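Enquirer: Coordinates in model.cif, mmCIF, C-alpha atoms and all ligand atoms, are listed below.
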data_my_file
#
loop_
_atom_site.label_atom_id
_atom_site.label_comp_id
_atom_site.auth_asym_id
_atom_site.auth_seq_id
_atom_site.Cartn_x
_atom_site.Cartn_y
_atom_site.Cartn_z
CA MET L 1 0.00 0.00 0.00
CA ASN L 2 1.19 3.48 -0.76
CA ARG L 3 1.89 5.27 2.52
CA THR L 4 -0.53 8.07 1.69
CA ASP L 5 -3.33 5.52 1.32
CA HIS L 6 -3.14 4.78 5.03
CA PRO L 7 -5.71 6.31 7.36
CA HIS L 8 -5.23 9.85 8.51
CA THR L 9 -5.67 8.62 12.05
CA PHE L 10 -4.99 5.03 13.02
CA THR L 11 -7.70 3.51 15.20
CA GLN L 12 -7.15 -0.12 14.15
CA LEU L 13 -4.10 -1.92 15.41
CA ASN L 14 -3.64 -3.90 12.19
CA ASP L 15 -3.54 -0.74 10.09
CA LEU L 16 -0.85 0.74 12.30
CA LEU L 17 1.23 -2.45 12.29
CA ASP L 18 0.93 -2.60 8.49
CA PHE L 19 2.03 0.97 8.17
CA LEU L 20 5.09 0.22 10.29
CA ASP L 21 5.94 -3.02 8.46
CA LEU L 22 5.53 -4.87 11.73
CA ASP L 23 4.54 -8.48 11.95
CA ARG L 24 2.18 -9.35 14.79
CA ALA L 25 4.62 -12.12 15.69
CA GLN L 26 7.21 -9.45 16.56
CA LEU L 27 4.95 -8.11 19.28
CA THR L 28 3.46 -9.96 22.19
CA ASP L 29 0.50 -9.18 24.39
CA LEU L 30 -1.26 -6.86 21.94
CA ASP L 31 -4.82 -5.84 22.75
CA PRO L 32 -6.70 -5.07 19.53
CA ALA L 33 -9.82 -3.86 21.36
CA PRO L 34 -8.88 -2.16 24.64
CA PRO L 35 -12.09 -1.34 26.52
CA GLY L 36 -12.96 2.33 26.94
CA PHE L 37 -9.73 3.84 25.64
CA GLY L 38 -9.07 2.74 22.10
CA LEU L 39 -6.06 3.07 19.86
CA ARG L 40 -5.70 6.55 18.44
CA VAL L 41 -2.58 7.61 16.53
CA PRO L 42 -2.45 10.39 13.93
CA ARG L 43 -0.47 9.40 10.87
CA ALA L 44 1.75 12.44 11.37
CA PHE L 45 2.87 10.91 14.67
CA ALA L 46 3.23 7.38 13.30
CA GLU L 47 5.48 8.72 10.54
CA ARG L 48 8.07 9.51 13.18
CA MET L 49 8.22 5.89 14.32
CA GLN L 50 11.01 3.66 13.09
CA ARG L 51 9.52 1.15 10.66
CA GLY L 52 10.07 -2.45 11.61
CA ASP L 53 11.05 -1.66 15.20
CA PRO L 54 8.70 -3.23 17.76
CA ALA L 55 10.50 -1.36 20.57
CA ASP L 56 10.17 2.08 18.99
CA PRO L 57 9.76 4.60 21.84
CA LEU L 58 6.89 6.40 20.10
CA LEU L 59 5.08 3.17 19.33
CA ARG L 60 5.39 1.99 22.95
CA GLN L 61 3.50 5.09 24.13
CA VAL L 62 0.42 4.26 22.08
CA LEU L 63 0.42 0.48 21.79
CA PRO L 64 -2.49 -1.15 23.68
CA LEU L 65 -1.43 -4.24 25.62
CA THR L 66 -3.57 -6.80 27.42
CA LEU L 67 -1.40 -6.01 30.47
CA GLU L 68 -3.51 -2.88 30.81
CA ARG L 69 -6.46 -5.05 31.81
CA GLN L 70 -4.67 -6.39 34.88
CA THR L 71 -5.57 -5.07 38.28
CA VAL L 72 -2.43 -3.90 40.08
CA ASP L 73 -2.43 -2.82 43.72
CA GLY L 74 -2.28 0.95 44.06
CA TYR L 75 -3.24 1.64 40.43
CA ILE L 76 -6.64 3.28 40.40
CA THR L 77 -8.93 5.13 38.00
CA ASP L 78 -8.51 8.66 39.41
CA PRO L 79 -4.99 8.73 40.89
CA VAL L 80 -4.76 12.52 41.14
CA ALA L 81 -8.22 13.07 42.68
CA ASP L 82 -9.47 15.29 39.88
CA ALA L 83 -13.06 14.49 40.75
CA ALA L 84 -12.61 16.01 44.23
CA ALA L 85 -11.17 19.24 42.83
CA GLU L 86 -14.12 19.91 40.56
CA ARG L 87 -15.62 23.30 41.34
CA ALA L 88 -17.94 23.44 38.36
CA PRO L 89 -18.27 20.90 35.56
CA GLY L 90 -14.97 21.03 33.69
CA LEU L 91 -13.37 23.46 36.15
CA LEU L 92 -10.76 22.07 38.52
CA VAL L 93 -9.22 24.20 41.23
CA LYS L 94 -6.36 22.24 42.76
CA TYR L 95 -3.51 24.75 42.96
CA ALA L 96 -3.30 28.22 44.48
CA GLY L 97 -4.14 30.92 41.98
CA ARG L 98 -4.62 28.54 39.08
CA ALA L 99 -7.74 27.02 37.60
CA LEU L 100 -7.78 24.15 35.15
CA LEU L 101 -10.44 24.45 32.51
CA LEU L 102 -11.14 21.20 30.68
CA VAL L 103 -12.47 22.48 27.40
CA THR L 104 -12.85 19.24 25.50
CA GLY L 105 -12.68 15.55 26.23
CA ALA L 106 -11.02 14.73 22.94
CA CYS L 107 -7.34 14.03 22.40
CA ALA L 108 -5.36 13.90 19.19
CA LEU L 109 -3.45 10.89 20.43
CA HIS L 110 -4.25 8.25 23.02
CA CYS L 111 -1.28 7.81 25.33
CA ARG L 112 -1.57 4.51 27.17
CA TYR L 113 -0.10 5.94 30.40
CA CYS L 114 -2.54 8.86 30.54
CA PHE L 115 -3.76 9.70 34.05
CA ARG L 116 -7.05 10.87 32.59
CA ARG L 117 -7.75 7.71 30.63
CA HIS L 118 -10.67 6.85 32.92
CA PHE L 119 -11.90 10.40 33.36
CA PRO L 120 -15.62 10.77 32.61
CA TYR L 121 -15.05 13.14 29.72
CA GLN L 122 -18.53 12.69 28.37
CA ASP L 123 -19.70 14.63 31.46
CA PHE L 124 -17.23 17.42 30.71
CA GLY L 125 -18.23 18.21 27.18
CA PRO L 126 -17.77 21.81 26.16
CA SER L 127 -21.45 22.69 26.14
CA PRO L 128 -22.05 26.46 26.16
CA ALA L 129 -24.01 26.28 29.41
CA ARG L 130 -21.22 24.43 31.20
CA LEU L 131 -18.63 26.85 29.92
CA GLU L 132 -20.72 29.78 31.17
CA ARG L 133 -20.83 28.25 34.64
CA ALA L 134 -17.07 27.71 34.63
CA LEU L 135 -16.38 31.28 33.45
CA THR L 136 -18.73 32.71 36.08
CA GLU L 137 -16.94 30.72 38.73
CA ILE L 138 -13.51 31.90 37.54
CA ALA L 139 -14.66 35.52 37.56
CA ARG L 140 -16.17 35.13 41.04
CA ASP L 141 -12.92 33.93 42.64
CA SER L 142 -10.52 36.85 42.65
CA GLN L 143 -7.71 34.62 43.96
CA LEU L 144 -7.45 33.03 40.52
CA THR L 145 -4.85 34.75 38.35
CA GLU L 146 -4.07 32.03 35.83
CA VAL L 147 -6.21 29.74 33.73
CA VAL L 148 -4.78 26.54 32.33
CA LEU L 149 -6.70 25.27 29.32
CA SER L 150 -6.51 21.53 29.41
CA GLY L 151 -8.54 18.53 28.44
CA GLY L 152 -8.46 16.39 26.52
CA ASP L 153 -6.65 18.77 24.27
CA PRO L 154 -7.65 22.45 24.07
CA LEU L 155 -6.00 22.85 20.68
CA LEU L 156 -8.55 20.47 19.20
CA LEU L 157 -11.18 23.18 19.62
CA ASP L 158 -11.82 24.98 16.39
CA ALA L 159 -10.18 28.35 15.98
CA ALA L 160 -13.38 30.39 16.38
CA ARG L 161 -14.37 28.71 19.65
CA LEU L 162 -10.89 29.02 21.04
CA ASN L 163 -10.79 32.67 20.08
CA ASP L 164 -14.13 33.29 21.79
CA LEU L 165 -12.89 31.58 24.90
CA ILE L 166 -9.69 33.66 24.97
CA GLU L 167 -11.79 36.80 24.61
CA ARG L 168 -13.99 35.80 27.50
CA LEU L 169 -10.97 35.11 29.69
CA GLU L 170 -9.40 38.43 28.75
CA GLN L 171 -12.51 40.14 30.08
CA ILE L 172 -11.98 38.73 33.56
CA PRO L 173 -9.89 41.49 35.16
CA THR L 174 -8.30 39.38 37.90
CA LEU L 175 -6.64 37.04 35.39
CA THR L 176 -3.10 37.85 34.28
CA ARG L 177 -1.89 34.62 32.72
CA LEU L 178 -3.16 32.03 30.30
CA ARG L 179 -1.64 28.64 29.76
CA LEU L 180 -2.41 25.96 27.20
CA HIS L 181 -1.44 22.35 27.84
CA SER L 182 -1.46 20.46 24.57
CA ARG L 183 -0.05 17.45 22.81
CA VAL L 184 -1.27 18.72 19.42
CA PRO L 185 2.07 20.36 18.52
CA VAL L 186 3.64 16.90 18.70
CA ALA L 187 0.66 14.78 17.64
CA ILE L 188 -0.54 16.82 14.62
CA PRO L 189 1.84 19.76 14.11
CA SER L 190 -0.09 20.97 11.06
CA ARG L 191 -3.01 21.82 13.36
CA LEU L 192 -0.97 24.34 15.31
CA SER L 193 -1.91 27.63 13.73
CA PRO L 194 0.48 30.57 13.57
CA HIS L 195 -2.61 32.82 13.80
CA LEU L 196 -3.30 31.51 17.26
CA ALA L 197 0.27 32.31 18.30
CA GLU L 198 -0.21 35.86 17.06
CA ARG L 199 -3.56 36.08 18.79
CA LEU L 200 -1.99 34.99 22.06
CA SER L 201 1.01 37.25 21.80
CA ALA L 202 -1.35 40.21 21.23
CA SER L 203 -3.38 39.26 24.29
CA ARG L 204 -3.52 41.21 27.52
CA LEU L 205 -2.86 37.86 29.20
CA GLN L 206 0.68 36.57 29.30
CA SER L 207 0.58 33.28 27.42
CA THR L 208 2.46 30.03 27.72
CA LEU L 209 2.15 26.89 25.67
CA VAL L 210 3.17 23.72 27.51
CA ILE L 211 3.71 20.93 25.02
CA HIS L 212 4.06 17.27 25.90
CA ALA L 213 6.90 15.28 24.34
CA ASN L 214 8.55 12.27 25.92
CA HIS L 215 11.22 11.43 23.37
CA ALA L 216 13.47 13.40 21.02
CA HIS L 217 12.10 11.49 18.03
CA GLU L 218 8.74 13.17 18.56
CA LEU L 219 10.30 16.49 17.62
CA ASP L 220 11.04 16.16 13.92
CA ALA L 221 11.51 19.06 11.50
CA SER L 222 7.76 19.58 11.02
CA VAL L 223 7.21 19.95 14.77
CA CYS L 224 10.26 22.15 15.21
CA ARG L 225 9.10 24.47 12.45
CA VAL L 226 5.73 25.24 14.06
CA LEU L 227 7.32 25.65 17.46
CA HIS L 228 9.76 28.18 16.02
CA ASP L 229 6.83 30.13 14.60
CA TRP L 230 5.28 30.23 18.05
CA GLN L 231 8.54 31.22 19.64
CA ALA L 232 8.95 34.01 17.08
CA ALA L 233 5.45 35.24 17.93
CA GLY L 234 6.60 35.60 21.53
CA VAL L 235 4.72 32.79 23.26
CA MET L 236 6.65 31.12 26.09
CA LEU L 237 7.19 27.44 25.25
CA LEU L 238 7.68 24.74 27.88
CA ASN L 239 7.58 20.95 27.79
CA GLN L 240 6.31 18.35 30.18
CA SER L 241 7.19 14.68 29.92
CA VAL L 242 6.33 11.55 31.80
CA LEU L 243 9.10 9.17 32.79
CA LEU L 244 8.13 5.90 31.12
CA ARG L 245 9.72 2.50 31.17
CA GLY L 246 10.65 1.39 27.68
CA VAL L 247 10.24 4.91 26.28
CA ASN L 248 12.63 7.37 27.91
CA ASP L 249 14.03 5.68 31.02
CA CYS L 250 17.68 6.16 30.17
CA ALA L 251 19.87 9.20 30.67
CA ASP L 252 20.94 9.45 27.03
CA SER L 253 17.32 9.56 25.95
CA LEU L 254 16.40 12.27 28.47
CA ILE L 255 19.45 14.31 27.52
CA ALA L 256 18.66 14.02 23.81
CA LEU L 257 15.10 15.13 24.55
CA SER L 258 16.20 18.23 26.46
CA GLU L 259 18.68 19.20 23.77
CA ARG L 260 16.18 18.66 21.00
CA LEU L 261 13.55 20.69 22.84
CA PHE L 262 15.94 23.59 23.17
CA THR L 263 16.80 23.41 19.47
CA CYS L 264 13.07 23.75 18.81
CA GLY L 265 12.76 26.76 21.14
CA VAL L 266 11.24 24.90 24.09
CA LEU L 267 12.49 24.62 27.67
CA PRO L 268 12.05 21.40 29.65
CA TYR L 269 9.69 22.06 32.55
CA TYR L 270 8.42 18.91 34.28
CA LEU L 271 9.44 15.29 34.17
CA HIS L 272 6.49 13.60 35.85
CA ALA L 273 6.72 10.40 37.78
CA LEU L 274 3.98 8.20 36.41
CA ASP L 275 0.60 8.69 38.04
CA PRO L 276 -0.62 5.29 39.22
CA VAL L 277 -3.56 5.06 36.89
CA ALA L 278 -5.13 1.66 36.34
CA GLY L 279 -3.68 0.08 33.19
CA SER L 280 -0.33 1.87 33.26
CA ALA L 281 1.72 -0.20 35.71
CA HIS L 282 3.96 -1.56 32.95
CA PHE L 283 5.36 1.96 32.43
CA GLN L 284 6.45 2.34 36.05
CA VAL L 285 10.04 3.45 36.79
CA SER L 286 11.13 3.23 40.43
CA ASP L 287 11.86 6.44 42.33
CA ALA L 288 15.43 5.28 42.94
CA THR L 289 16.01 4.83 39.20
CA ALA L 290 14.32 8.14 38.43
CA LYS L 291 16.60 10.01 40.83
CA LEU L 292 19.70 8.34 39.44
CA LEU L 293 18.68 9.24 35.90
CA LEU L 294 18.20 12.86 36.90
CA GLU L 295 21.62 12.89 38.59
CA THR L 296 23.20 11.89 35.28
CA VAL L 297 21.18 14.42 33.33
CA ARG L 298 22.17 17.14 35.79
CA ALA L 299 25.83 16.20 35.50
CA ARG L 300 25.75 16.52 31.73
CA LEU L 301 23.48 19.44 30.91
CA PRO L 302 23.22 23.10 31.86
CA GLY L 303 20.69 23.69 34.62
CA TYR L 304 18.11 25.23 32.31
CA LEU L 305 17.88 21.97 30.36
CA VAL L 306 17.23 19.83 33.43
CA PRO L 307 13.51 19.22 33.94
CA ARG L 308 12.00 19.17 37.43
CA LEU L 309 11.33 15.61 38.48
CA VAL L 310 7.96 15.75 40.21
CA ARG L 311 5.07 13.69 41.41
CA GLU L 312 1.49 14.73 41.84
CA LEU L 313 -0.02 13.67 45.14
CA PRO L 314 -3.77 13.90 45.60
CA GLY L 315 -4.69 16.89 47.72
CA ASP L 316 -1.26 18.56 47.50
CA TYR L 317 -1.07 22.28 46.77
CA ALA L 318 1.69 21.76 44.17
CA LYS L 319 3.72 19.12 42.41
CA ARG L 320 6.14 17.46 44.81
CA PRO L 321 9.83 17.36 43.80
CA LEU L 322 11.27 13.86 43.91
CA ASP L 323 14.91 14.83 44.05
C1 LIG Z 1 0.23 20.07 37.74
C2 LIG Z 1 -0.71 20.36 36.74
C3 LIG Z 1 -1.00 21.66 36.35
C4 LIG Z 1 -0.41 22.91 36.96
O1 LIG Z 1 0.87 22.74 37.35
P1 LIG Z 1 1.91 23.92 37.58
O2 LIG Z 1 2.71 23.43 38.72
O3 LIG Z 1 1.16 25.16 37.84
O4 LIG Z 1 2.65 24.02 36.32
C5 LIG Z 1 -1.92 21.81 35.35
N1 LIG Z 1 -2.52 20.79 34.75
C6 LIG Z 1 -2.25 19.53 35.11
C7 LIG Z 1 -2.93 18.43 34.40
C8 LIG Z 1 -1.34 19.25 36.09
O5 LIG Z 1 -1.12 18.00 36.42
S1 LIG Z 2 -2.68 13.78 24.94
FE1 LIG Z 2 -2.51 14.14 27.17
S2 LIG Z 2 -4.62 14.00 27.95
FE2 LIG Z 2 -4.59 13.08 25.88
S3 LIG Z 2 -4.23 10.88 26.16
FE3 LIG Z 2 -2.23 11.81 25.88
S4 LIG Z 2 -1.50 12.29 27.95
FE4 LIG Z 2 -3.72 11.94 28.07
#
Will you turn the file into structure tokens for me?

Expert:
Amino acid sequence: MNRTDHPHTFTQLNDLLDFLDLDRAQLTDLDPAPPGFGLRVPRAFAERMQRGDPADPLLRQVLPLTLERQTVDGYITDPVADAAAERAPGLLVKYAGRALLLVTGACALHCRYCFRRHFPYQDFGPSPARLERALTEIARDSQLTEVVLSGGDPLLLDAARLNDLIERLEQIPTLTRLRLHSRVPVAIPSRLSPHLAERLSASRLQSTLVIHANHAHELDASVCRVLHDWQAAGVMLLNQSVLLRGVNDCADSLIALSERLFTCGVLPYYLHALDPVAGSAHFQVSDATAKLLLETVRARLPGYLVPRLVRELPGDYAKRPLD
């Protein structure tokens, strides 16, 4: 099959394996129909995987395994207690001064380790009435100075809706900062519009885009190009990663990621210890290993390229440093 004949987004395991020239026999434990959280991989992301490599670090992030169905002690459906922090539907207030606004349940890419994989997104749909309630609540609480647009993925909203939302937030006088957390720049770089960067840089609110890349291979030339456009527009660019066994749990890989991020105009921000979400135990890296890895990274990179190794504990007022 010609590569361009492949689906725009892979939702069937066989199609993805075909695209990558992988034989099912090269992979064990595959789950072709994972309940509740299916395969979802944009072709633009799959194109950055190494064909024929069953251990490819990008593939491992999205490959559904039957292991995910196992019950493991300590791995639960809402490990970060999002449900308890819900102040209005889709509005989470967990951290001082900051509100998380979940503007859509959809994601461009399904990451198997995701801490929100069991989140009841269907209840958090971006209906106009719900959004009104959330905006009213944000305006009512003068302690809130920053809104983090999250999801799902806020950059999957269409441009007009996103623009409306930014306008509404700009009208709340107590807000000074706006943050977008998105995997779209990495998952589907062509969806990242330079107009949005210009819109944000012209905003009264100081804007930051926090991307999510776990491996240097995610940041190919197409991704780097759009990030440079955003950097040129004056939007602060940061990255968060999750430390994942079989993906980025070696110092060389973390160092390459930091260096590649900087080349693309992005500073490493967080390296998250895995949240113990049900179905993700096979990605777990021990704290001892995580700290050792960070020691090596710190010994080899300038301080500004060393991410903060953190863990989220339910009920905490901030991420907790591990090292
Ligand atoms: C931790 C966290 C934030 C905010 O973290 P900062 O420490 O303010 O950067 C926002 N969204 C999610 C999903 C988080 O886990
Ligand atoms: S893009 Fe983010 S929210 Fe969506 S599945 Fe991946 S980690 Fe989860």

Enquirer: Fewer than 2 positions away in the same chain doesn't count, so skip those; otherwise give me all residues within 10 Å of Asp249 of chain L, counting all atoms listed in the file, as a list of chain:residue names.

Expert: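 Counting all atoms listed in the file, the residues come to L:Asn214, L:His215, L:Val242, L:Leu243, L:Leu244, L:Arg245, L:Gly246, L:Val247, L:Ala251, L:Asp252, L:Ser253, L:Leu254, L:Phe283, L:Gln284, L:Val285, L:Thr289, L:Ala290, L:Leu293.
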
Enquirer: Around ligand LIG 2 (chain Z), fit a box with edges along x, y and z, padding it by 5 Å on each side, then list its centre and edge lengths in Å to one decimal as AutoDock Vina command-line options.

Expert:
--center_x -3.1 --center_y 12.5 --center_z 26.5 --size_x 13.1 --size_y 13.3 --size_z 13.1

Enquirer: So, with all atoms listed in the file as the atoms that count, which of L:Gly38, L:Pro173, L:Pro128, L:Pro189 lies closest to Leu156 of chain L?

Expert: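 Nearest candidate to Leu156 of chain L out of L:Gly38, L:Pro173, L:Pro128, L:Pro189: L:Pro189.
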
Enquirer: How far is it from atom FE2 of ligand LIG 2 (chain Z) to atom CA of Leu257 of chain L, in Å with one decimal?

Expert: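 Computed distance, atom FE2 of ligand LIG 2 (chain Z) to atom CA of Leu257 of chain L, equals 19.8 Å.
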
Enquirer: Write out as a PDB file with C-alpha atoms, in the frame of the given file which residues come within 12 Å of Ala85 of chain L when counting only C-alpha atoms, dropping same-chain ones fewer than 3 positions away.

Expert:
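The resulting selection04.pdb:
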ATOM      1  CA  ASP L  78      -8.510   8.660  39.410  1.00  0.00           C
ATOM      2  CA  VAL L  80      -4.760  12.520  41.140  1.00  0.00           C
ATOM      3  CA  ALA L  81      -8.220  13.070  42.680  1.00  0.00           C
ATOM      4  CA  ASP L  82      -9.470  15.290  39.880  1.00  0.00           C
ATOM      5  CA  ALA L  88     -17.940  23.440  38.360  1.00  0.00           C
ATOM      6  CA  PRO L  89     -18.270  20.900  35.560  1.00  0.00           C
ATOM      7  CA  GLY L  90     -14.970  21.030  33.690  1.00  0.00           C
ATOM      8  CA  LEU L  91     -13.370  23.460  36.150  1.00  0.00           C
ATOM      9  CA  LEU L  92     -10.760  22.070  38.520  1.00  0.00           C
ATOM     10  CA  VAL L  93      -9.220  24.200  41.230  1.00  0.00           C
ATOM     11  CA  LYS L  94      -6.360  22.240  42.760  1.00  0.00           C
ATOM     12  CA  TYR L  95      -3.510  24.750  42.960  1.00  0.00           C
ATOM     13  CA  ARG L  98      -4.620  28.540  39.080  1.00  0.00           C
ATOM     14  CA  ALA L  99      -7.740  27.020  37.600  1.00  0.00           C
ATOM     15  CA  LEU L 100      -7.780  24.150  35.150  1.00  0.00           C
ATOM     16  CA  LEU L 101     -10.440  24.450  32.510  1.00  0.00           C
ATOM     17  CA  PRO L 314      -3.770  13.900  45.600  1.00  0.00           C
ATOM     18  CA  GLY L 315      -4.690  16.890  47.720  1.00  0.00           C
ATOM     19  CA  ASP L 316      -1.260  18.560  47.500  1.00  0.00           C
ATOM     20  CA  TYR L 317      -1.070  22.280  46.770  1.00  0.00           C
TER      21      TYR L 317
END
